[in-house]
>>> print(open('query.cif').read())   # mmCIF, C-alpha atoms
data_protein
#
loop_
_atom_site.label_atom_id
_atom_site.label_comp_id
_atom_site.auth_asym_id
_atom_site.auth_seq_id
_atom_site.Cartn_x
_atom_site.Cartn_y
_atom_site.Cartn_z
CA GLY H 1 0.00 0.00 0.00
CA GLN H 2 0.94 3.63 -0.38
CA SER H 3 2.22 5.87 2.39
CA THR H 4 3.09 9.54 2.81
CA GLN H 5 5.00 11.80 5.19
CA LEU H 6 3.92 15.01 6.89
CA ILE H 7 6.52 17.52 8.10
CA VAL H 8 5.73 18.84 11.58
CA GLY H 9 6.74 22.33 12.64
CA ALA H 10 7.76 23.91 9.33
CA THR H 11 4.45 25.78 9.03
CA PRO H 12 1.96 26.98 11.66
CA GLU H 13 -0.63 24.17 11.37
CA THR H 14 -2.02 22.86 14.64
CA ASP H 15 -1.98 19.22 15.70
CA LEU H 16 -5.71 19.14 14.99
CA GLN H 17 -5.16 20.19 11.37
CA ILE H 18 -2.37 17.66 10.88
CA LEU H 19 -4.32 14.83 12.48
CA SER H 20 -7.47 15.69 10.52
CA LEU H 21 -5.48 15.60 7.28
CA SER H 22 -3.98 12.27 8.30
CA SER H 23 -7.44 10.87 9.03
CA ALA H 24 -8.77 12.09 5.68
CA LEU H 25 -5.85 10.47 3.84
CA TYR H 26 -6.58 7.14 5.50
CA GLU H 27 -10.29 7.35 4.74
CA LYS H 28 -10.26 8.80 1.22
CA TYR H 29 -7.10 7.30 -0.27
CA LYS H 30 -6.82 4.17 1.87
CA LEU H 31 -3.18 4.85 2.67
CA LYS H 32 -1.29 2.14 4.49
CA ARG H 33 0.60 4.59 6.69
CA VAL H 34 1.07 8.30 7.36
CA PHE H 35 4.48 9.17 8.76
CA PHE H 36 5.41 12.30 10.71
CA SER H 37 8.79 14.01 10.71
CA ALA H 38 9.87 16.85 12.98
CA TYR H 39 11.13 19.77 10.89
CA LEU H 40 14.88 20.31 11.08
CA PRO H 41 15.86 23.82 9.87
CA VAL H 42 18.52 23.68 7.16
CA VAL H 43 17.93 26.89 5.20
CA GLU H 44 17.08 30.42 6.24
CA HIS H 45 13.84 31.85 4.86
CA ARG H 46 11.28 34.36 6.11
CA ASN H 47 8.49 31.76 5.85
CA LEU H 48 10.38 29.08 7.79
CA PRO H 49 11.40 28.74 11.44
CA ALA H 50 14.79 30.19 12.41
CA LEU H 51 17.85 28.00 12.05
CA THR H 52 18.17 27.94 15.84
CA THR H 53 14.74 26.31 16.23
CA LYS H 54 14.94 22.83 17.74
CA PRO H 55 13.06 20.00 16.00
CA PRO H 56 9.68 19.36 17.73
CA LEU H 57 10.48 15.73 18.51
CA LEU H 58 7.99 15.38 21.36
CA ARG H 59 5.22 16.79 19.19
CA GLU H 60 6.12 14.25 16.50
CA HIS H 61 5.89 11.51 19.14
CA ARG H 62 2.41 12.62 20.28
CA LEU H 63 1.17 12.61 16.68
CA TYR H 64 2.42 9.06 16.23
CA GLN H 65 0.60 8.03 19.41
CA ALA H 66 -2.62 9.62 18.15
CA ASP H 67 -2.18 8.00 14.74
CA TRP H 68 -1.88 4.63 16.49
CA LEU H 69 -5.08 5.30 18.45
CA MET H 70 -6.96 6.07 15.25
CA ARG H 71 -5.69 3.04 13.34
CA PHE H 72 -5.96 0.37 16.03
CA TYR H 73 -8.05 1.65 18.95
CA GLY H 74 -11.11 3.04 17.22
CA PHE H 75 -10.56 6.74 17.96
CA ASP H 76 -11.45 9.59 15.61
CA ALA H 77 -9.37 12.73 15.16
CA ALA H 78 -12.29 14.84 16.40
CA GLU H 79 -12.35 12.87 19.66
CA LEU H 80 -8.70 13.51 20.44
CA LEU H 81 -8.57 17.22 19.58
CA ASP H 82 -11.02 20.06 18.97
CA GLU H 83 -11.03 23.79 18.33
CA ALA H 84 -10.79 24.52 22.05
CA ASN H 85 -7.80 22.17 22.39
CA PRO H 86 -6.09 22.10 18.98
CA ASN H 87 -2.71 20.79 20.19
CA PHE H 88 -1.61 17.80 22.24
CA ASP H 89 -0.37 18.23 25.78
CA PRO H 90 3.39 17.56 25.71
CA ASP H 91 3.33 16.01 29.20
CA TYR H 92 0.73 13.29 28.60
CA ASP H 93 -0.07 10.81 25.88
CA PRO H 94 -3.33 11.53 23.99
CA LYS H 95 -5.17 8.56 25.49
CA ILE H 96 -4.74 9.86 29.05
CA ILE H 97 -5.92 13.35 28.12
CA TRP H 98 -8.98 11.94 26.35
CA ALA H 99 -9.85 9.82 29.40
CA VAL H 100 -9.46 12.73 31.82
CA ARG H 101 -11.71 14.91 29.66
CA HIS H 102 -14.44 12.24 29.58
CA PRO H 103 -15.09 11.28 33.20
CA GLU H 104 -18.61 10.17 32.25
CA VAL H 105 -17.10 7.11 30.53
CA PHE H 106 -15.23 5.91 33.62
CA PRO H 107 -14.69 3.86 35.65
CA VAL H 108 -14.81 0.86 33.35
CA GLU H 109 -15.72 -2.41 35.05
CA ILE H 110 -13.21 -5.00 33.91
CA ASN H 111 -15.62 -7.92 34.30
CA SER H 112 -18.37 -6.55 32.08
CA ALA H 113 -17.02 -3.84 29.74
CA PRO H 114 -17.06 -4.69 26.02
CA TYR H 115 -13.78 -5.05 24.16
CA GLN H 116 -13.95 -1.67 22.39
CA GLN H 117 -14.47 0.10 25.71
CA LEU H 118 -11.48 -1.69 27.25
CA LEU H 119 -9.32 -0.38 24.42
CA ARG H 120 -10.04 3.20 25.55
CA VAL H 121 -8.63 2.67 29.03
CA PRO H 122 -5.14 4.16 29.52
CA GLY H 123 -2.74 1.36 30.34
CA LEU H 124 -4.70 -1.28 28.42
CA GLY H 125 -3.32 -2.28 25.05
CA ILE H 126 -4.76 -4.56 22.42
CA ARG H 127 -3.18 -7.72 23.81
CA CYS H 128 -4.22 -6.97 27.40
CA ALA H 129 -7.80 -6.26 26.32
CA GLN H 130 -7.90 -9.54 24.40
CA ARG H 131 -6.54 -11.44 27.41
CA ILE H 132 -9.16 -9.88 29.68
CA VAL H 133 -12.03 -10.81 27.37
CA SER H 134 -10.70 -14.35 27.06
CA ALA H 135 -10.10 -14.79 30.81
CA ARG H 136 -13.59 -13.54 31.74
CA ARG H 137 -15.09 -16.64 30.15
CA THR H 138 -13.77 -18.79 32.98
CA GLY H 139 -14.46 -16.51 35.95
CA ARG H 140 -14.53 -13.03 37.40
CA LEU H 141 -11.23 -11.15 37.46
CA ASP H 142 -9.55 -9.15 40.20
CA PHE H 143 -6.50 -6.89 40.20
CA GLU H 144 -4.10 -9.75 40.88
CA ASP H 145 -5.25 -11.32 37.64
CA LEU H 146 -4.59 -8.06 35.80
CA ILE H 147 -1.08 -7.86 37.23
CA HIS H 148 -0.37 -11.34 35.90
CA MET H 149 -1.65 -10.18 32.51
CA LYS H 150 0.97 -7.38 32.53
CA VAL H 151 -1.64 -4.62 32.71
CA SER H 152 -0.07 -1.23 33.51
CA LEU H 153 -1.99 -0.44 36.70
CA LYS H 154 0.10 2.70 37.17
CA ARG H 155 -2.21 4.31 34.61
CA ALA H 156 -5.18 1.97 34.43
CA GLN H 157 -5.98 2.05 38.16
CA TYR H 158 -7.59 5.49 37.85
CA PHE H 159 -10.02 4.36 35.15
CA ILE H 160 -11.07 0.80 36.03
CA THR H 161 -12.78 -1.23 38.74
CA CYS H 162 -12.75 -4.94 39.47
CA LYS H 163 -15.92 -6.28 41.08
CA GLY H 164 -17.01 -2.68 41.63
CA LYS H 165 -13.88 -1.53 43.50
CA TYR H 166 -10.91 0.66 42.62
CA TYR H 167 -7.31 -0.45 43.14
CA HIS H 168 -6.14 1.28 46.37
CA ILE H 169 -7.87 4.58 45.47
CA GLN H 170 -11.29 6.12 45.90
CA ASN H 171 -13.13 8.20 43.29
CA PRO H 172 -10.10 9.77 41.56
CA GLU H 173 -10.52 13.35 40.37
CA PRO H 174 -9.07 14.58 37.04
CA ASP H 175 -6.57 16.91 38.75
CA LEU H 176 -5.38 14.07 40.99
CA ILE H 177 -4.89 11.81 37.98
CA LEU H 178 -2.87 14.39 36.06
CA ARG H 179 -0.64 15.12 39.05
CA ALA H 180 -0.03 11.42 39.62
CA LEU H 181 0.81 10.71 35.98
CA LYS H 182 2.81 13.83 35.21
CA PRO H 183 6.40 12.99 34.20
CA SER H 184 8.86 13.90 36.94
CA ALA H 185 11.43 15.31 34.52
CA ARG H 186 12.15 15.81 30.87
CA SER H 187 14.50 13.46 29.11
CA PRO H 188 18.06 14.80 29.12
CA TYR H 189 18.59 13.56 25.58
CA GLU H 190 18.20 16.01 22.72
CA GLN H 191 18.44 15.85 18.96
CA LEU H 192 21.96 16.73 17.86
CA ASN H 193 22.31 19.81 15.68
CA LEU H 194 24.41 19.21 12.60
CA PHE H 195 25.15 22.90 12.30
CA ASP H 196 26.49 23.75 15.76
CA ASP H 197 29.77 25.59 15.80
CA TRP H 198 32.46 22.86 15.81
CA GLN H 199 34.61 24.67 18.36
CA THR H 200 31.69 24.82 20.81
CA VAL H 201 30.98 21.13 20.25
CA GLN H 202 34.64 20.31 20.86
CA GLN H 203 34.80 22.30 24.11
CA GLU H 204 31.49 21.12 25.59
CA ASN H 205 31.86 17.44 24.68
CA ASN H 206 35.65 16.98 24.92
CA ILE H 207 35.81 15.73 21.34
CA GLU H 208 39.12 15.50 19.48
CA LEU H 209 38.71 16.85 15.96
CA LEU H 210 41.09 15.28 13.45
CA ASP H 211 43.21 17.35 11.09
CA ALA H 212 42.01 16.74 7.56
CA ASP H 213 45.46 17.57 6.11
CA ALA H 214 46.90 14.59 7.94
CA TYR H 215 44.69 12.25 5.90
CA PHE H 216 44.35 14.23 2.67
CA PRO H 217 47.77 15.94 2.14
CA LYS H 218 47.80 19.14 0.12
CA GLN H 219 49.79 19.38 -3.08
CA THR H 220 53.34 20.68 -2.68
CA ALA H 221 54.85 23.49 -4.75
CA THR H 222 56.27 20.92 -7.18
CA GLY H 223 52.81 19.50 -7.75
CA THR H 224 53.40 16.15 -6.07
CA ALA H 225 51.94 15.00 -2.79
CA PRO H 226 54.16 13.84 0.07
CA GLN H 227 54.79 10.12 0.19
CA PRO H 228 52.63 8.26 2.70
CA ILE H 229 54.31 7.10 5.89
CA ALA H 230 54.62 3.37 6.13
CA CYS H 231 52.90 1.68 9.05
CA THR H 232 55.04 0.25 11.82
CA ARG H 233 54.24 -2.14 14.59
CA GLN H 234 53.92 0.79 17.00
CA ALA H 235 51.64 2.79 14.69
CA THR H 236 48.06 2.09 13.78
CA CYS H 237 46.97 2.59 10.14
#
>>> encode(input="query.cif", output="structure tokens")
Amino acid sequence: GQSTQLIVGATPETDLQILSLSSALYEKYKLKRVFFSAYLPVVEHRNLPALTTKPPLLREHRLYQADWLMRFYGFDAAELLDEANPNFDPDYDPKIIWAVRHPEVFPVEINSAPYQQLLRVPGLGIRCAQRIVSARRTGRLDFEDLIHMKVSLKRAQYFITCKGKYYHIQNPEPDLILRALKPSARSPYEQLNLFDDWQTVQQENNIELLDADAYFPKQTATGTAPQPIACTRQATC
């Protein structure tokens, strides 16, 4: 099947516009996959972000998460974003934000919820939802069963009940959920910039920059290059 790629951050479109376009491409042209790529500035132009702009890698990641929700979890673009909230929250994955904004849907009772409803619970993936549906045929489940099924209760506990009871919490509020699930710190890793000043890179990272003339000798005044030095046992070629 065909696929396409959307550049993120080169122009001022919102996540809602990008996701809506992605959804339309899937529906109208039956694309196999829509890829997203964070814009990396390489040329200077008045209509493009400055060369010092960092690639929006986290935004790219959120769009991929939303794309996954649309393709495999039954979500629509209009459910994940709207005009009041046109961009994804960088601190939370789209499934958590959707769940927090729809408290009327939760809690979901593990022993009776249909498969499609289980898929909308943060912390429940496709395999876990399938295991739950299969295991319910032989008896009622509790949280110990979910732990054995590798369910991520760190997230799911705020949105599910087993036999009518929460897992160590009582009636979680949206603000409580967001505080509990907020990342403690940003990742220290950043996209490397190919156009950083080499002297700054050398000083900050203690990198030894090799002399190009040592490997590609310049022509001498007579027009001939110096003869290469033969390797010895003490030298490494």
>>> resolve_selection(input="query.cif", expression="the PyMOL selection byres ((chain H and resi 36-46) around 7)", output="list of chain:residue names")
H:Gln5, H:Leu6, H:Ile7, H:Val8, H:Gly9, H:Ala10, H:Val34, H:Phe35, H:Asn47, H:Leu48, H:Pro49, H:Ala50, H:Leu51, H:Thr53, H:Pro55, H:Pro56, H:Leu57, H:Glu60
>>> atom_distance(input="query.cif", atom1="atom CA of H:Ser184", atom2="atom CA of H:Lys54")
22.0 Å
>>> resolve_selection(input="query.cif", expression="the PyMOL selection byres ((chain H and resi 106) around 9)", output="list in words")
Ala99, His102, Pro103, Glu104, Val105, Pro107, Val108, Glu109, Val121, Tyr158, Phe159 and Ile160 of chain H
>>> write_last_selection(input="query.cif", atoms="C-alpha atoms", output="compact mmCIF listing (two decimals), keeping the file's coordinate frame")
# COMPACT_ATOMS: atom_id res chain seq x y z
CA ALA H 99 -9.85 9.82 29.40
CA HIS H 102 -14.44 12.24 29.58
CA PRO H 103 -15.09 11.28 33.20
CA GLU H 104 -18.61 10.17 32.25
CA VAL H 105 -17.10 7.11 30.53
CA PRO H 107 -14.69 3.86 35.65
CA VAL H 108 -14.81 0.86 33.35
CA GLU H 109 -15.72 -2.41 35.05
CA VAL H 121 -8.63 2.67 29.03
CA TYR H 158 -7.59 5.49 37.85
CA PHE H 159 -10.02 4.36 35.15
CA ILE H 160 -11.07 0.80 36.03
>>> closest_residue(input="query.cif", among="H:Arg140, H:Arg179, H:Lys165, H:Arg62", to="H:Pro90", atoms="all atoms listed in the file")
H:Arg62
>>> atom_distance(input="query.cif", atom1="atom CA of H:Lys150", atom2="atom CA of H:Gln170")
22.6 Å
>>> residues_around(input="query.cif", residues="H:Gln116", least_positions_apart="5", cutoff="9 Å", atoms="all atoms listed in the file", output="compact mmCIF listing (two decimals) with C-alpha atoms, in the coordinates of the input")
# COMPACT_ATOMS: atom_id res chain seq x y z
CA TYR H 73 -8.05 1.65 18.95
CA GLY H 74 -11.11 3.04 17.22
CA ALA H 129 -7.80 -6.26 26.32
>>> resolve_selection(input="query.cif", expression="the PyMOL selection byres ((chain H and resi 13-26) around 9)", output="ChimeraX atom specification")
/H:6,8-12,27-34,59,63,66-67,70-71,76-78,80-83,85-88
>>> closest_residue(input="query.cif", among="H:Leu176, H:Leu181, H:Val133, H:Leu153", to="H:Tyr115", atoms="only C-alpha atoms")
H:Val133
>>> atom_distance(input="query.cif", atom1="atom CA of H:Pro114", atom2="atom CA of H:Glu173")
24.0 Å
>>> closest_residue(input="query.cif", among="H:Tyr92, H:Arg101, H:Phe75, H:Arg120", to="H:His61", atoms="only C-alpha atoms")
H:Tyr92
>>> residues_around(input="query.cif", residues="H:Gln157", least_positions_apart="5", cutoff="12 Å", atoms="only C-alpha atoms", output="VMD selection string")
chain H and resid 106 to 110 121 to 124 142 to 143 146 to 147 151 to 152 162 165 to 172 177 180 to 181
>>> closest_residue(input="query.cif", among="H:Leu69, H:Ile132, H:Ser3, H:Lys182", to="H:Ala113", atoms="only C-alpha atoms")
H:Ile132
>>> closest_residue(input="query.cif", among="H:Cys128, H:Ala84, H:Leu141, H:Leu118", to="H:Gly164", atoms="all atoms listed in the file")
H:Leu141
>>> decode(input="query.cif", residues="stretch 45-198 of chain H", atoms="C-alpha atoms", output="PDB file, in the first residue's frame")
ATOM      1  CA  HIS H  45      13.835  31.851   4.858  1.00  0.00           C
ATOM      2  CA  ARG H  46      11.282  34.361   6.109  1.00  0.00           C
ATOM      3  CA  ASN H  47       8.489  31.759   5.847  1.00  0.00           C
ATOM      4  CA  LEU H  48      10.378  29.078   7.787  1.00  0.00           C
ATOM      5  CA  PRO H  49      11.398  28.736  11.441  1.00  0.00           C
ATOM      6  CA  ALA H  50      14.785  30.188  12.413  1.00  0.00           C
ATOM      7  CA  LEU H  51      17.846  28.003  12.046  1.00  0.00           C
ATOM      8  CA  THR H  52      18.175  27.937  15.838  1.00  0.00           C
ATOM      9  CA  THR H  53      14.742  26.305  16.233  1.00  0.00           C
ATOM     10  CA  LYS H  54      14.937  22.834  17.739  1.00  0.00           C
ATOM     11  CA  PRO H  55      13.056  20.003  16.004  1.00  0.00           C
ATOM     12  CA  PRO H  56       9.683  19.361  17.725  1.00  0.00           C
ATOM     13  CA  LEU H  57      10.484  15.733  18.507  1.00  0.00           C
ATOM     14  CA  LEU H  58       7.992  15.382  21.360  1.00  0.00           C
ATOM     15  CA  ARG H  59       5.221  16.790  19.190  1.00  0.00           C
ATOM     16  CA  GLU H  60       6.124  14.254  16.504  1.00  0.00           C
ATOM     17  CA  HIS H  61       5.887  11.508  19.140  1.00  0.00           C
ATOM     18  CA  ARG H  62       2.407  12.617  20.277  1.00  0.00           C
ATOM     19  CA  LEU H  63       1.165  12.612  16.681  1.00  0.00           C
ATOM     20  CA  TYR H  64       2.422   9.062  16.228  1.00  0.00           C
ATOM     21  CA  GLN H  65       0.596   8.027  19.414  1.00  0.00           C
ATOM     22  CA  ALA H  66      -2.618   9.620  18.150  1.00  0.00           C
ATOM     23  CA  ASP H  67      -2.182   7.996  14.739  1.00  0.00           C
ATOM     24  CA  TRP H  68      -1.880   4.625  16.493  1.00  0.00           C
ATOM     25  CA  LEU H  69      -5.080   5.303  18.451  1.00  0.00           C
ATOM     26  CA  MET H  70      -6.958   6.072  15.248  1.00  0.00           C
ATOM     27  CA  ARG H  71      -5.689   3.040  13.335  1.00  0.00           C
ATOM     28  CA  PHE H  72      -5.957   0.367  16.026  1.00  0.00           C
ATOM     29  CA  TYR H  73      -8.053   1.648  18.945  1.00  0.00           C
ATOM     30  CA  GLY H  74     -11.111   3.044  17.225  1.00  0.00           C
ATOM     31  CA  PHE H  75     -10.556   6.737  17.963  1.00  0.00           C
ATOM     32  CA  ASP H  76     -11.447   9.586  15.609  1.00  0.00           C
ATOM     33  CA  ALA H  77      -9.368  12.726  15.162  1.00  0.00           C
ATOM     34  CA  ALA H  78     -12.295  14.839  16.401  1.00  0.00           C
ATOM     35  CA  GLU H  79     -12.351  12.867  19.664  1.00  0.00           C
ATOM     36  CA  LEU H  80      -8.702  13.507  20.443  1.00  0.00           C
ATOM     37  CA  LEU H  81      -8.569  17.223  19.583  1.00  0.00           C
ATOM     38  CA  ASP H  82     -11.017  20.058  18.974  1.00  0.00           C
ATOM     39  CA  GLU H  83     -11.032  23.795  18.332  1.00  0.00           C
ATOM     40  CA  ALA H  84     -10.789  24.519  22.053  1.00  0.00           C
ATOM     41  CA  ASN H  85      -7.804  22.169  22.392  1.00  0.00           C
ATOM     42  CA  PRO H  86      -6.087  22.098  18.984  1.00  0.00           C
ATOM     43  CA  ASN H  87      -2.706  20.791  20.190  1.00  0.00           C
ATOM     44  CA  PHE H  88      -1.611  17.796  22.240  1.00  0.00           C
ATOM     45  CA  ASP H  89      -0.368  18.229  25.779  1.00  0.00           C
ATOM     46  CA  PRO H  90       3.390  17.557  25.708  1.00  0.00           C
ATOM     47  CA  ASP H  91       3.327  16.006  29.203  1.00  0.00           C
ATOM     48  CA  TYR H  92       0.733  13.287  28.597  1.00  0.00           C
ATOM     49  CA  ASP H  93      -0.075  10.814  25.881  1.00  0.00           C
ATOM     50  CA  PRO H  94      -3.327  11.531  23.994  1.00  0.00           C
ATOM     51  CA  LYS H  95      -5.168   8.556  25.488  1.00  0.00           C
ATOM     52  CA  ILE H  96      -4.736   9.861  29.051  1.00  0.00           C
ATOM     53  CA  ILE H  97      -5.924  13.353  28.119  1.00  0.00           C
ATOM     54  CA  TRP H  98      -8.977  11.940  26.347  1.00  0.00           C
ATOM     55  CA  ALA H  99      -9.847   9.825  29.401  1.00  0.00           C
ATOM     56  CA  VAL H 100      -9.461  12.732  31.819  1.00  0.00           C
ATOM     57  CA  ARG H 101     -11.713  14.909  29.658  1.00  0.00           C
ATOM     58  CA  HIS H 102     -14.437  12.240  29.576  1.00  0.00           C
ATOM     59  CA  PRO H 103     -15.094  11.284  33.204  1.00  0.00           C
ATOM     60  CA  GLU H 104     -18.614  10.169  32.250  1.00  0.00           C
ATOM     61  CA  VAL H 105     -17.097   7.113  30.527  1.00  0.00           C
ATOM     62  CA  PHE H 106     -15.232   5.909  33.616  1.00  0.00           C
ATOM     63  CA  PRO H 107     -14.690   3.862  35.650  1.00  0.00           C
ATOM     64  CA  VAL H 108     -14.810   0.859  33.354  1.00  0.00           C
ATOM     65  CA  GLU H 109     -15.725  -2.414  35.049  1.00  0.00           C
ATOM     66  CA  ILE H 110     -13.209  -5.003  33.908  1.00  0.00           C
ATOM     67  CA  ASN H 111     -15.621  -7.921  34.303  1.00  0.00           C
ATOM     68  CA  SER H 112     -18.368  -6.547  32.082  1.00  0.00           C
ATOM     69  CA  ALA H 113     -17.020  -3.843  29.737  1.00  0.00           C
ATOM     70  CA  PRO H 114     -17.062  -4.688  26.021  1.00  0.00           C
ATOM     71  CA  TYR H 115     -13.783  -5.045  24.157  1.00  0.00           C
ATOM     72  CA  GLN H 116     -13.949  -1.670  22.395  1.00  0.00           C
ATOM     73  CA  GLN H 117     -14.473   0.099  25.710  1.00  0.00           C
ATOM     74  CA  LEU H 118     -11.483  -1.689  27.249  1.00  0.00           C
ATOM     75  CA  LEU H 119      -9.321  -0.376  24.423  1.00  0.00           C
ATOM     76  CA  ARG H 120     -10.043   3.195  25.548  1.00  0.00           C
ATOM     77  CA  VAL H 121      -8.634   2.673  29.030  1.00  0.00           C
ATOM     78  CA  PRO H 122      -5.142   4.160  29.522  1.00  0.00           C
ATOM     79  CA  GLY H 123      -2.741   1.356  30.337  1.00  0.00           C
ATOM     80  CA  LEU H 124      -4.703  -1.276  28.419  1.00  0.00           C
ATOM     81  CA  GLY H 125      -3.318  -2.284  25.046  1.00  0.00           C
ATOM     82  CA  ILE H 126      -4.764  -4.560  22.422  1.00  0.00           C
ATOM     83  CA  ARG H 127      -3.184  -7.722  23.809  1.00  0.00           C
ATOM     84  CA  CYS H 128      -4.223  -6.974  27.399  1.00  0.00           C
ATOM     85  CA  ALA H 129      -7.798  -6.256  26.317  1.00  0.00           C
ATOM     86  CA  GLN H 130      -7.898  -9.539  24.400  1.00  0.00           C
ATOM     87  CA  ARG H 131      -6.542 -11.435  27.411  1.00  0.00           C
ATOM     88  CA  ILE H 132      -9.162  -9.877  29.677  1.00  0.00           C
ATOM     89  CA  VAL H 133     -12.033 -10.806  27.367  1.00  0.00           C
ATOM     90  CA  SER H 134     -10.700 -14.350  27.058  1.00  0.00           C
ATOM     91  CA  ALA H 135     -10.100 -14.791  30.814  1.00  0.00           C
ATOM     92  CA  ARG H 136     -13.589 -13.543  31.736  1.00  0.00           C
ATOM     93  CA  ARG H 137     -15.092 -16.638  30.145  1.00  0.00           C
ATOM     94  CA  THR H 138     -13.768 -18.789  32.984  1.00  0.00           C
ATOM     95  CA  GLY H 139     -14.464 -16.507  35.950  1.00  0.00           C
ATOM     96  CA  ARG H 140     -14.526 -13.031  37.401  1.00  0.00           C
ATOM     97  CA  LEU H 141     -11.232 -11.152  37.460  1.00  0.00           C
ATOM     98  CA  ASP H 142      -9.554  -9.153  40.202  1.00  0.00           C
ATOM     99  CA  PHE H 143      -6.497  -6.889  40.203  1.00  0.00           C
ATOM    100  CA  GLU H 144      -4.098  -9.754  40.882  1.00  0.00           C
ATOM    101  CA  ASP H 145      -5.253 -11.319  37.640  1.00  0.00           C
ATOM    102  CA  LEU H 146      -4.595  -8.058  35.796  1.00  0.00           C
ATOM    103  CA  ILE H 147      -1.082  -7.862  37.230  1.00  0.00           C
ATOM    104  CA  HIS H 148      -0.371 -11.344  35.902  1.00  0.00           C
ATOM    105  CA  MET H 149      -1.646 -10.184  32.508  1.00  0.00           C
ATOM    106  CA  LYS H 150       0.966  -7.384  32.528  1.00  0.00           C
ATOM    107  CA  VAL H 151      -1.636  -4.616  32.712  1.00  0.00           C
ATOM    108  CA  SER H 152      -0.066  -1.234  33.508  1.00  0.00           C
ATOM    109  CA  LEU H 153      -1.985  -0.436  36.701  1.00  0.00           C
ATOM    110  CA  LYS H 154       0.097   2.699  37.174  1.00  0.00           C
ATOM    111  CA  ARG H 155      -2.209   4.309  34.609  1.00  0.00           C
ATOM    112  CA  ALA H 156      -5.178   1.965  34.427  1.00  0.00           C
ATOM    113  CA  GLN H 157      -5.976   2.049  38.157  1.00  0.00           C
ATOM    114  CA  TYR H 158      -7.587   5.486  37.852  1.00  0.00           C
ATOM    115  CA  PHE H 159     -10.017   4.359  35.153  1.00  0.00           C
ATOM    116  CA  ILE H 160     -11.072   0.801  36.029  1.00  0.00           C
ATOM    117  CA  THR H 161     -12.776  -1.227  38.736  1.00  0.00           C
ATOM    118  CA  CYS H 162     -12.754  -4.943  39.474  1.00  0.00           C
ATOM    119  CA  LYS H 163     -15.919  -6.283  41.077  1.00  0.00           C
ATOM    120  CA  GLY H 164     -17.014  -2.681  41.628  1.00  0.00           C
ATOM    121  CA  LYS H 165     -13.883  -1.532  43.495  1.00  0.00           C
ATOM    122  CA  TYR H 166     -10.906   0.662  42.619  1.00  0.00           C
ATOM    123  CA  TYR H 167      -7.315  -0.451  43.142  1.00  0.00           C
ATOM    124  CA  HIS H 168      -6.139   1.276  46.374  1.00  0.00           C
ATOM    125  CA  ILE H 169      -7.866   4.575  45.466  1.00  0.00           C
ATOM    126  CA  GLN H 170     -11.287   6.120  45.896  1.00  0.00           C
ATOM    127  CA  ASN H 171     -13.135   8.203  43.292  1.00  0.00           C
ATOM    128  CA  PRO H 172     -10.103   9.774  41.557  1.00  0.00           C
ATOM    129  CA  GLU H 173     -10.516  13.347  40.373  1.00  0.00           C
ATOM    130  CA  PRO H 174      -9.066  14.584  37.041  1.00  0.00           C
ATOM    131  CA  ASP H 175      -6.572  16.908  38.747  1.00  0.00           C
ATOM    132  CA  LEU H 176      -5.377  14.075  40.988  1.00  0.00           C
ATOM    133  CA  ILE H 177      -4.887  11.814  37.978  1.00  0.00           C
ATOM    134  CA  LEU H 178      -2.865  14.388  36.059  1.00  0.00           C
ATOM    135  CA  ARG H 179      -0.644  15.122  39.050  1.00  0.00           C
ATOM    136  CA  ALA H 180      -0.028  11.423  39.624  1.00  0.00           C
ATOM    137  CA  LEU H 181       0.805  10.707  35.979  1.00  0.00           C
ATOM    138  CA  LYS H 182       2.815  13.832  35.211  1.00  0.00           C
ATOM    139  CA  PRO H 183       6.403  12.992  34.202  1.00  0.00           C
ATOM    140  CA  SER H 184       8.859  13.903  36.940  1.00  0.00           C
ATOM    141  CA  ALA H 185      11.425  15.308  34.518  1.00  0.00           C
ATOM    142  CA  ARG H 186      12.151  15.807  30.874  1.00  0.00           C
ATOM    143  CA  SER H 187      14.503  13.457  29.108  1.00  0.00           C
ATOM    144  CA  PRO H 188      18.063  14.803  29.122  1.00  0.00           C
ATOM    145  CA  TYR H 189      18.587  13.561  25.582  1.00  0.00           C
ATOM    146  CA  GLU H 190      18.203  16.010  22.721  1.00  0.00           C
ATOM    147  CA  GLN H 191      18.437  15.851  18.958  1.00  0.00           C
ATOM    148  CA  LEU H 192      21.962  16.728  17.863  1.00  0.00           C
ATOM    149  CA  ASN H 193      22.309  19.812  15.679  1.00  0.00           C
ATOM    150  CA  LEU H 194      24.409  19.210  12.599  1.00  0.00           C
ATOM    151  CA  PHE H 195      25.154  22.902  12.304  1.00  0.00           C
ATOM    152  CA  ASP H 196      26.488  23.747  15.762  1.00  0.00           C
ATOM    153  CA  ASP H 197      29.775  25.588  15.800  1.00  0.00           C
ATOM    154  CA  TRP H 198      32.455  22.862  15.806  1.00  0.00           C
TER     155      TRP H 198
END
